[in-house]
Every structure is written in structure tokens, then in C-alpha cells.
$ cat target-v7.txt   # compact mmCIF, C-alpha atoms
# COMPACT_ATOMS: atom_id res chain seq x y z
CA MET A 1 -35.58 3.83 17.79
CA TYR A 2 -36.31 1.68 20.84
CA GLN A 3 -37.74 -1.15 18.75
CA ASP A 4 -34.59 -1.07 16.63
CA ILE A 5 -32.44 -1.38 19.76
CA ILE A 6 -34.29 -4.29 21.36
CA SER A 7 -35.10 -6.28 18.21
CA ILE A 8 -33.85 -9.85 18.09
CA GLU A 9 -31.96 -8.98 14.89
CA ASN A 10 -30.08 -6.14 16.59
CA LEU A 11 -29.41 -8.19 19.72
CA LEU A 12 -28.00 -11.01 17.59
CA ALA A 13 -25.80 -8.59 15.62
CA ALA A 14 -24.68 -7.01 18.89
CA TRP A 15 -23.77 -10.46 20.20
CA GLN A 16 -21.58 -11.17 17.19
CA GLU A 17 -19.73 -7.88 17.72
CA PHE A 18 -19.43 -8.44 21.46
CA LEU A 19 -18.11 -11.98 20.95
CA SER A 20 -14.92 -10.87 19.19
CA GLY A 21 -11.93 -11.91 21.30
CA LYS A 22 -14.10 -13.24 24.15
CA ARG A 23 -15.17 -16.71 23.00
CA LYS A 24 -13.01 -18.54 25.54
CA ARG A 25 -14.23 -16.65 28.60
CA ASP A 26 -16.40 -18.72 30.90
CA ASP A 27 -19.20 -16.21 31.40
CA VAL A 28 -19.43 -15.57 27.64
CA ALA A 29 -19.46 -19.28 26.83
CA LEU A 30 -22.18 -19.86 29.43
CA PHE A 31 -24.40 -17.15 27.93
CA GLY A 32 -23.73 -18.40 24.40
CA ALA A 33 -24.61 -22.00 25.28
CA ASN A 34 -28.29 -21.01 25.33
CA LEU A 35 -27.98 -17.97 23.12
CA MET A 36 -31.40 -17.77 21.49
CA ASP A 37 -33.23 -18.47 24.76
CA ASN A 38 -31.18 -15.73 26.44
CA LEU A 39 -31.80 -13.27 23.60
CA VAL A 40 -35.55 -13.91 23.62
CA ALA A 41 -35.67 -13.49 27.40
CA LEU A 42 -33.68 -10.26 27.16
CA ASN A 43 -35.94 -8.98 24.41
CA ASP A 44 -39.01 -9.75 26.56
CA ASP A 45 -37.53 -7.91 29.56
CA LEU A 46 -36.67 -4.89 27.43
CA ALA A 47 -40.06 -4.84 25.72
CA SER A 48 -41.91 -4.97 29.06
CA LYS A 49 -39.39 -2.61 30.70
CA SER A 50 -38.75 -5.12 33.44
CA TYR A 51 -35.05 -5.09 32.52
CA ARG A 52 -32.77 -3.88 35.31
CA HIS A 53 -29.07 -3.28 34.85
CA GLY A 54 -26.95 -5.37 37.21
CA GLY A 55 -23.87 -4.48 39.20
CA TYR A 56 -20.23 -4.30 38.19
CA HIS A 57 -17.06 -6.23 38.85
CA ALA A 58 -14.33 -3.73 39.75
CA PHE A 59 -10.62 -4.19 39.11
CA LYS A 60 -7.55 -2.06 38.39
CA ILE A 61 -5.23 -1.82 35.40
CA ASN A 62 -2.10 0.21 34.65
CA ASP A 63 -2.53 1.94 31.28
CA PRO A 64 0.02 3.40 32.04
CA LYS A 65 -1.29 5.03 35.21
CA PRO A 66 -3.64 3.10 37.55
CA ARG A 67 -7.23 3.07 36.35
CA ASP A 68 -10.38 1.68 37.93
CA ILE A 69 -12.28 -0.54 35.49
CA HIS A 70 -15.85 -1.68 36.12
CA LYS A 71 -17.08 -4.65 34.09
CA ALA A 72 -20.79 -5.38 33.75
CA THR A 73 -22.33 -8.83 33.26
CA VAL A 74 -22.42 -10.38 29.80
CA ARG A 75 -26.17 -9.69 29.58
CA ASP A 76 -25.73 -6.01 30.37
CA ARG A 77 -22.75 -5.63 28.06
CA LEU A 78 -24.86 -7.10 25.27
CA VAL A 79 -27.42 -4.35 25.92
CA HIS A 80 -24.62 -1.79 25.72
CA HIS A 81 -23.63 -3.09 22.28
CA ALA A 82 -27.24 -3.09 21.12
CA ILE A 83 -27.65 0.54 22.20
CA TYR A 84 -24.34 1.57 20.64
CA ARG A 85 -25.18 0.01 17.26
CA ILE A 86 -28.29 2.17 16.89
CA LEU A 87 -27.30 5.39 18.65
CA TYR A 88 -23.74 5.79 17.34
CA PRO A 89 -24.70 6.72 13.75
CA HIS A 90 -27.50 8.95 15.09
CA PHE A 91 -25.08 11.01 17.19
CA ASP A 92 -21.85 10.75 15.19
CA ARG A 93 -23.09 13.09 12.48
CA LYS A 94 -23.76 15.72 15.16
CA PHE A 95 -20.16 15.73 16.35
CA ILE A 96 -17.60 18.23 15.06
CA PHE A 97 -15.02 17.01 12.56
CA ASP A 98 -12.07 17.43 14.92
CA SER A 99 -13.33 15.17 17.71
CA TYR A 100 -11.23 12.00 17.38
CA SER A 101 -11.86 9.69 20.34
CA CYS A 102 -13.77 6.41 19.84
CA ARG A 103 -15.14 7.32 16.42
CA GLN A 104 -15.05 5.44 13.15
CA GLU A 105 -12.50 6.79 10.66
CA LYS A 106 -10.87 8.83 13.46
CA GLY A 107 -8.48 7.80 16.27
CA THR A 108 -5.11 8.90 17.60
CA HIS A 109 -3.18 8.71 14.32
CA ARG A 110 -5.59 11.02 12.50
CA ALA A 111 -5.60 13.35 15.51
CA ILE A 112 -1.81 13.75 15.55
CA ASN A 113 -1.72 14.23 11.79
CA ARG A 114 -4.37 16.92 12.16
CA LEU A 115 -2.20 18.63 14.78
CA GLN A 116 0.68 18.67 12.31
CA GLU A 117 -1.62 20.18 9.68
CA PHE A 118 -2.94 22.83 12.08
CA ALA A 119 0.59 23.68 13.23
CA ALA A 120 1.60 24.40 9.64
CA GLN A 121 -1.49 26.58 9.14
CA ALA A 122 -1.15 28.53 12.39
CA SER A 123 2.57 29.18 11.76
CA ARG A 124 2.02 29.98 8.08
CA ASN A 125 4.05 27.00 7.00
CA HIS A 126 6.44 27.39 9.95
CA THR A 127 7.51 30.90 9.03
CA ARG A 128 6.04 32.38 12.22
CA THR A 129 5.66 31.27 15.83
CA ALA A 130 2.62 29.10 16.55
CA TRP A 131 1.35 28.79 20.12
CA VAL A 132 -0.51 25.79 21.51
CA LEU A 133 -2.85 25.74 24.49
CA LYS A 134 -3.04 22.18 25.80
CA CYS A 135 -5.62 21.17 28.42
CA ASP A 136 -6.69 18.05 30.27
CA ILE A 137 -9.92 17.53 32.24
CA ARG A 138 -9.50 16.32 35.79
CA LYS A 139 -10.97 12.85 36.51
CA PHE A 140 -13.06 12.99 33.38
CA PHE A 141 -15.21 9.82 33.53
CA ALA A 142 -15.58 10.04 37.30
CA ASN A 143 -17.19 13.50 37.10
CA ILE A 144 -19.78 13.14 34.33
CA ASN A 145 -23.07 14.50 35.71
CA HIS A 146 -26.03 12.19 34.95
CA VAL A 147 -28.68 14.91 34.98
CA ILE A 148 -26.72 17.10 32.58
CA LEU A 149 -25.92 14.13 30.34
CA LEU A 150 -29.57 13.06 30.08
CA ASP A 151 -30.60 16.65 29.44
CA VAL A 152 -28.19 16.81 26.51
CA ILE A 153 -29.45 13.48 25.17
CA LYS A 154 -33.08 14.61 25.36
CA ARG A 155 -32.29 17.39 22.93
CA HIS A 156 -31.52 14.80 20.27
CA VAL A 157 -33.67 11.80 21.27
CA ASP A 158 -37.40 12.20 21.77
CA ASP A 159 -38.28 8.50 22.09
CA THR A 160 -39.38 7.99 25.70
CA ASP A 161 -38.61 4.26 25.72
CA THR A 162 -35.04 4.85 24.54
CA LEU A 163 -34.63 7.55 27.18
CA TRP A 164 -35.87 5.10 29.82
CA LEU A 165 -33.25 2.54 28.79
CA LEU A 166 -30.45 5.11 28.71
CA THR A 167 -31.50 6.33 32.16
CA GLU A 168 -31.30 2.73 33.40
CA VAL A 169 -27.81 2.22 31.96
CA ILE A 170 -26.43 5.61 33.05
CA GLY A 171 -27.90 5.27 36.54
CA SER A 172 -26.40 1.80 37.01
CA PHE A 173 -23.09 3.33 38.11
CA HIS A 174 -21.86 6.22 40.18
CA THR A 175 -18.50 7.33 41.50
CA ASP A 176 -17.96 6.32 45.14
CA GLY A 177 -19.63 8.84 47.41
CA LYS A 178 -21.13 10.78 44.48
CA PRO A 179 -24.65 9.57 43.57
CA GLY A 180 -25.64 10.70 40.09
CA ILE A 181 -22.04 11.32 39.08
CA GLY A 182 -19.65 9.26 36.97
CA LEU A 183 -19.53 6.74 34.12
CA PRO A 184 -17.68 3.39 34.22
CA LEU A 185 -14.56 3.03 32.08
CA GLY A 186 -15.54 -0.53 31.16
CA ASN A 187 -18.80 0.22 29.31
CA LEU A 188 -18.92 0.52 25.53
CA THR A 189 -21.77 3.01 25.95
CA SER A 190 -19.52 5.23 28.07
CA GLN A 191 -17.36 5.95 25.02
CA LEU A 192 -20.36 7.31 23.15
CA LEU A 193 -21.88 9.07 26.15
CA VAL A 194 -18.76 11.10 26.96
CA ASN A 195 -18.57 12.24 23.33
CA ILE A 196 -22.22 13.34 23.55
CA TYR A 197 -21.41 15.15 26.79
CA MET A 198 -18.31 16.89 25.43
CA ASN A 199 -19.98 17.74 22.12
CA VAL A 200 -21.60 20.62 24.01
CA PHE A 201 -18.14 21.96 24.77
CA ASP A 202 -16.88 21.29 21.23
CA HIS A 203 -19.64 23.44 19.74
CA PHE A 204 -19.02 26.15 22.33
CA VAL A 205 -15.36 26.31 21.25
CA LYS A 206 -16.20 26.33 17.55
CA ARG A 207 -19.35 28.48 17.52
CA ASN A 208 -19.02 30.82 20.48
CA LEU A 209 -15.27 31.19 20.79
CA LYS A 210 -14.85 30.71 17.02
CA VAL A 211 -11.59 28.81 17.36
CA THR A 212 -10.33 27.60 14.00
CA HIS A 213 -7.61 25.22 15.14
CA TYR A 214 -9.06 22.95 17.83
CA ILE A 215 -8.63 19.20 18.36
CA ARG A 216 -10.13 17.02 21.09
CA TYR A 217 -9.40 13.41 21.97
CA ALA A 218 -11.50 12.32 24.98
CA ASP A 219 -10.46 14.65 27.83
CA ASP A 220 -7.35 16.02 26.10
CA PHE A 221 -7.67 19.00 23.77
CA VAL A 222 -5.45 21.55 22.08
CA LEU A 223 -6.03 24.98 20.55
CA LEU A 224 -3.51 26.63 18.22
CA HIS A 225 -3.03 30.30 17.34
CA GLU A 226 -0.31 32.69 16.24
CA ARG A 227 -0.78 34.87 19.33
CA ARG A 228 -0.15 33.70 22.90
CA GLU A 229 -2.38 36.49 24.27
CA TYR A 230 -5.33 35.14 22.29
CA LEU A 231 -5.02 31.74 23.95
CA GLU A 232 -4.48 33.27 27.38
CA ASP A 233 -7.75 35.18 26.98
CA LEU A 234 -9.58 31.98 25.99
CA LEU A 235 -8.41 29.93 28.96
CA PRO A 236 -10.68 31.50 31.66
CA GLN A 237 -13.67 31.30 29.28
CA ILE A 238 -12.99 27.61 28.66
CA SER A 239 -12.60 26.90 32.36
CA ALA A 240 -15.77 28.82 33.27
CA PHE A 241 -17.87 27.03 30.64
CA LEU A 242 -16.68 23.58 31.68
CA GLU A 243 -17.43 24.29 35.35
CA SER A 244 -20.78 26.04 34.90
CA ARG A 245 -22.27 24.01 32.05
CA LEU A 246 -20.74 20.55 32.46
CA ARG A 247 -19.51 20.53 36.08
CA LEU A 248 -16.01 19.64 34.93
CA ALA A 249 -12.66 21.16 35.89
CA LEU A 250 -9.36 21.50 34.08
CA HIS A 251 -6.47 19.60 35.62
CA PRO A 252 -4.34 22.37 37.21
CA ASN A 253 -1.08 20.55 36.45
CA LYS A 254 -1.92 19.70 32.85
CA VAL A 255 -2.66 23.10 31.35
CA SER A 256 0.14 24.66 29.32
CA ILE A 257 0.80 27.21 26.60
CA THR A 258 3.92 26.57 24.55
CA THR A 259 5.19 26.84 21.01
CA ILE A 260 5.33 24.05 18.49
CA ALA A 261 9.06 24.71 18.18
CA CYS A 262 9.49 23.80 21.87
CA GLY A 263 7.55 20.57 21.45
CA VAL A 264 3.92 19.76 22.28
CA ASP A 265 3.21 16.58 24.25
CA PHE A 266 -0.05 15.20 22.82
CA LEU A 267 -1.41 11.64 22.58
CA GLY A 268 1.84 9.86 23.33
CA TRP A 269 4.06 11.90 21.02
CA VAL A 270 6.05 15.11 21.38
CA HIS A 271 5.33 17.20 18.28
CA PHE A 272 7.77 19.60 16.61
CA PRO A 273 7.40 21.64 13.39
CA THR A 274 9.04 19.04 11.13
CA HIS A 275 8.85 15.81 13.09
CA ARG A 276 7.46 14.02 16.15
CA VAL A 277 9.18 11.73 18.65
CA LEU A 278 7.74 9.23 21.09
CA ARG A 279 7.02 10.51 24.58
CA THR A 280 9.66 9.28 27.03
CA THR A 281 7.15 7.58 29.34
CA THR A 282 5.53 5.82 26.36
CA LYS A 283 8.93 4.65 25.15
CA ARG A 284 9.87 3.30 28.57
CA ARG A 285 6.57 1.47 28.92
CA MET A 286 6.99 -0.08 25.49
CA MET A 287 10.47 -1.34 26.29
CA ARG A 288 9.25 -2.77 29.62
CA ASN A 289 6.59 -4.72 27.74
CA LEU A 290 9.10 -6.05 25.25
CA GLY A 291 11.95 -8.40 26.05
CA VAL A 292 14.31 -10.80 24.34
CA GLY A 293 12.26 -13.28 22.36
CA SER A 294 9.17 -11.06 22.12
CA LYS A 295 6.21 -12.32 20.14
CA GLU A 296 6.13 -11.27 16.50
CA GLU A 297 2.60 -9.90 16.90
CA SER A 298 3.67 -7.59 19.74
CA VAL A 299 6.71 -6.35 17.82
CA SER A 300 4.58 -5.77 14.73
CA SER A 301 2.08 -3.75 16.75
CA TYR A 302 4.78 -1.48 18.17
CA LEU A 303 6.43 -1.08 14.77
CA GLY A 304 3.09 0.03 13.41
CA MET A 305 2.81 2.64 16.16
CA LEU A 306 6.37 3.87 15.59
CA SER A 307 5.73 4.24 11.87
CA HIS A 308 3.65 7.35 12.67
CA GLY A 309 6.67 9.26 13.96
CA ASN A 310 10.41 9.67 13.63
CA ALA A 311 11.83 6.70 15.50
CA HIS A 312 14.40 5.00 13.30
CA ILE A 313 16.79 3.94 16.06
CA LEU A 314 13.95 2.98 18.40
CA GLY A 315 12.46 0.84 15.63
CA GLU A 316 15.73 -1.05 15.31
CA VAL A 317 15.78 -1.63 19.07
CA VAL A 318 12.23 -3.03 18.93
CA LEU A 319 13.21 -5.34 16.07
CA SER A 320 16.17 -6.60 18.09
CA THR A 321 13.83 -8.00 20.74
CA LEU A 322 12.68 -10.69 18.29
CA LYS A 323 14.34 -14.04 18.83
CA LYS A 324 14.65 -14.35 15.05
CA PRO A 325 14.44 -10.84 13.54
CA GLN A 326 14.49 -12.20 10.00
CA LYS A 327 11.07 -13.76 10.64
CA ILE A 328 9.47 -10.32 10.54
CA HIS A 329 8.63 -10.92 6.86
CA LYS A 330 6.07 -13.51 7.99
CA LEU A 331 3.98 -10.65 9.33
CA GLY A 332 3.68 -9.24 5.84
CA ILE A 333 5.93 -6.26 6.66
CA PRO A 334 9.00 -6.01 4.39
CA LEU A 335 11.70 -4.73 6.73
CA GLN A 336 13.22 -2.35 4.19
CA ASN A 337 9.82 -0.71 3.65
CA LEU A 338 9.08 0.08 7.29
CA PRO A 339 8.64 3.87 7.63
CA MET A 340 10.90 4.14 10.66
CA VAL A 341 13.78 2.54 8.76
CA ARG A 342 14.03 5.67 6.60
CA LYS A 343 16.26 7.95 8.68
CA PRO A 344 14.64 11.35 9.29
CA GLU A 345 16.56 14.61 9.51
CA LYS A 346 16.24 14.61 13.27
CA ASP A 347 16.21 11.30 15.10
CA GLN A 348 15.90 9.91 18.59
$ encode --input "target-v7.txt" --output "C-alpha cells"
Amino acid sequence: MYQDIISIENLLAAWQEFLSGKRKRDDVALFGANLMDNLVALNDDLASKSYRHGGYHAFKINDPKPRDIHKATVRDRLVHHAIYRILYPHFDRKFIFDSYSCRQEKGTHRAINRLQEFAAQASRNHTRTAWVLKCDIRKFFANINHVILLDVIKRHVDDTDTLWLLTEVIGSFHTDGKPGIGLPLGNLTSQLLVNIYMNVFDHFVKRNLKVTHYIRYADDFVLLHERREYLEDLLPQISAFLESRLRLALHPNKVSITTIACGVDFLGWVHFPTHRVLRTTTKRRMMRNLGVGSKEESVSSYLGMLSHGNAHILGEVVLSTLKKPQKIHKLGIPLQNLPMVRKPEKDQ
């Protein structure tokens, strides 16, 4: 496994993947100017285990709430891509079906469609009340325990060289004031590592608690059942497992039990038995980002998002931000065929 990660062929393939959308950045262009020399030097350092992960450049973004991003050097990010290319397929087949974050053939749209499917099953095609337990983990990335994470990885990876490299990458970052704790939001490897970490919890929910209707996307997860008492009994077991096994805690203000009929706020949408509408905060953020004369690409992106819910009127408002709305056909999207143009029974 380690030789696959550090091979020149894998490093070159990782570079091509990393390069997407970054060609004009100065640090990327500088590394690419002497690409083969840099790849050979990196391969030598990895082969001799003299490679050391560098530091991070920290900055903040609003997405939509403030987040701390830590960006590694181009050389280190190339190593992240090289690791990800080899380890992702090894671990992905170990994950449960209903884990949707940062996985191929998954994502938010499949997660919300799965919620709709589960809601129909739990309510017996909406003929009975279906209850939803929704939870969120407090400061998820900032509280990942390195020792526990490496212990989980060792159960599935027995190559000592690969474990050395993963230890180097994981140990390159820690949350302020918490040595051995935390993963950076900016690393590609962090996306895979948190799924490996939470896979322990996923299997606990499915195998030990035997929950049929369970969906997780990163640190957000929902459980559905026809009885509220059933979910209430599960909540302390879930909380205890997260704290004792993974050193994680549920966010006290983001745990709720409600019915589908009342609306479930999950992954940017509020879900009802027969339709879903965009979360108010998501809608406001979208309209702040759009203005008169918006770029066609931005409008097209938002229209694509809105097509996954019932947002006919909102779709028309988004279209109106184009300087020349009739030019939408240039994007390859016939206006009359847009899903949100078909008026649903209940609209927003």
C-alpha cells in the first residue's frame, strides 16, 4: 500500500487531480515549474521517511457561519491527494450505505432523497405519524482524537509504512490548546479521516442499536421511527457512545425530535411528507450572493440546487437577477424544462 501511495505514477496522477482550478495560483505555478524534479524529491523523502509535514496557513470563511480553514503547502497537499487516491477505495467499501458525506455517488442530494424515502417507509406511506430524531455533533473536526483515530485505522491497515505516513499527516495539526486533538478543515485527507472515525458510530447505530432508518452526512444525522418513545430511549445511548468511544459530544441546541409533518430541517432544506422547501437562512444567503446582472454560471448553479425541491417562485426570482434572462438557454438549460418551473401543490 505504501509503495502505491508514494510511487511517481500516483504522485503524478495526484498532481493532475490537485491542479484542477488552481493553475493560476502562484504557489501552484511555482511547484509545477519544476514538476518532475519536485515529484522525484518528494518520492525520495517519502521512501526514506525523511518527509515531514509542514505548517498551515490559517484564514476564516463564512459558509455560512464563520469557519477556521487551515491550508497546507502545495507539497503537503499533493501528499494528501496521493494518500486519498489509494486509501479512499480501501475504506469506502467498509462504510455503511447511508453515509453520504464526501463519497463518490453520494452527496447531499442523494441524502435528502433518502430521507424522503425513509419518511414514506416509517409513516407507512404517510398514513401514520413518523418521528425524526435529528442530531448534530459539537465542533466536530476540532474534537477528533488522534489516538482513537489511529487505533481505528490500524484495524484496517496493517502496513507500518502507511501508518507512519498517516501519523505524520494527522499529527501535523491540533486544535489550539489541545495537543493530539483536531483535524484541519482544509485537508482533503480530513474528509476521509472523519468518515473513518464516524464509521465506528455508524456501525454501532446499525448493528448494536439496530436502527433501520438512519442517515448521516458529516456531523449531522437523523433517525426515523413510528414511535417517539423509541427515539427518546435511543438518545442517551447515542450520547454515551459518542462520549465514551469517540470523545465527541452532541450539540445541546441542535438535538430535536419532531414529526415529518411539522418539517425536518436537514442539509439546507425543510422536509415535509410531500415536498421540501429551502431553509430560510439558505434562501437569504443565496439572495445576498445574487444581484442584478448576476453571472449566468452562478444563476445556473442555484437553479440546479433549487431543482431538488419545491421552489417555483424562488426559481423565478433567481432567474430575474440575470441581466438578460433569455440568455439562460446558452447554459444548456431549456427554461420551460426546469423542475422548479412546474408549480408544486404547495409552494414557497
$ residues_around --input "target-v7.txt" --residues "Arg228 in chain A" --least-positions-apart "5" --cutoff "12 Å" --atoms "all atoms listed in the file" --output "PyMOL selection string"
chain A and resi 122+129-133+223+233-235+256-260
$ closest_residue --input "target-v7.txt" --among "A:Ile215, A:Ile144, A:Val28, A:Leu250" --to "Lys106 in chain A" --atoms "all atoms listed in the file"
A:Ile215
$ atom_distance --input "target-v7.txt" --atom1 "CA of Glu17 in chain A" --atom2 "CA of Gln104 in chain A"
14.8 Å
$ atom_distance --input "target-v7.txt" --atom1 "CA of Arg245 in chain A" --atom2 "CA of Phe201 in chain A"
8.6 Å
$ atom_distance --input "target-v7.txt" --atom1 "CA of Tyr100 in chain A" --atom2 "CA of Asn62 in chain A"
22.8 Å
$ residues_around --input "target-v7.txt" --residues "His203 in chain A" --least-positions-apart "3" --cutoff "12 Å" --atoms "all atoms listed in the file" --output "NGL selection string"
:A and (94-99 or 195-200 or 206-212 or 214-216 or 238 or 241)
$ residues_around --input "target-v7.txt" --residues "range 44-50 of chain A" --least-positions-apart "4" --cutoff "9 Å" --atoms "only C-alpha atoms" --output "PyMOL selection string"
chain A and resi 2-3+6+39-40+161+164-165
$ write_last_selection --input "target-v7.txt" --atoms "C-alpha atoms" --output "PDB file, in the frame of the given file"
ATOM      1  CA  TYR A   2     -36.310   1.680  20.840  1.00  0.00           C
ATOM      2  CA  GLN A   3     -37.740  -1.150  18.750  1.00  0.00           C
ATOM      3  CA  ILE A   6     -34.290  -4.290  21.360  1.00  0.00           C
ATOM      4  CA  LEU A  39     -31.800 -13.270  23.600  1.00  0.00           C
ATOM      5  CA  VAL A  40     -35.550 -13.910  23.620  1.00  0.00           C
ATOM      6  CA  ASP A 161     -38.610   4.260  25.720  1.00  0.00           C
ATOM      7  CA  TRP A 164     -35.870   5.100  29.820  1.00  0.00           C
ATOM      8  CA  LEU A 165     -33.250   2.540  28.790  1.00  0.00           C
TER       9      LEU A 165
END
$ closest_residue --input "target-v7.txt" --among "A:Gln191, A:Phe140, A:Ile8, A:Met1" --to "Asp158 in chain A" --atoms "only C-alpha atoms"
A:Met1
$ residues_around --input "target-v7.txt" --residues "Leu78 in chain A" --least-positions-apart "6" --cutoff "9 Å" --atoms "only C-alpha atoms" --output "PyMOL selection string"
chain A and resi 11+14-15+18
$ closest_residue --input "target-v7.txt" --among "A:Asp92, A:Glu168, A:Glu117, A:Asp159" --to "Val79 in chain A" --atoms "only C-alpha atoms"
A:Glu168
$ closest_residue --input "target-v7.txt" --among "A:Asp220, A:Asp76, A:Asp27, A:Asp202" --to "Val169 in chain A" --atoms "only C-alpha atoms"
A:Asp76
$ residues_near_point --input "target-v7.txt" --point "(-21.5, 11.0, 34.9)" --cutoff "6 Å" --atoms "all atoms listed in the file" --output "count of residues only"
7
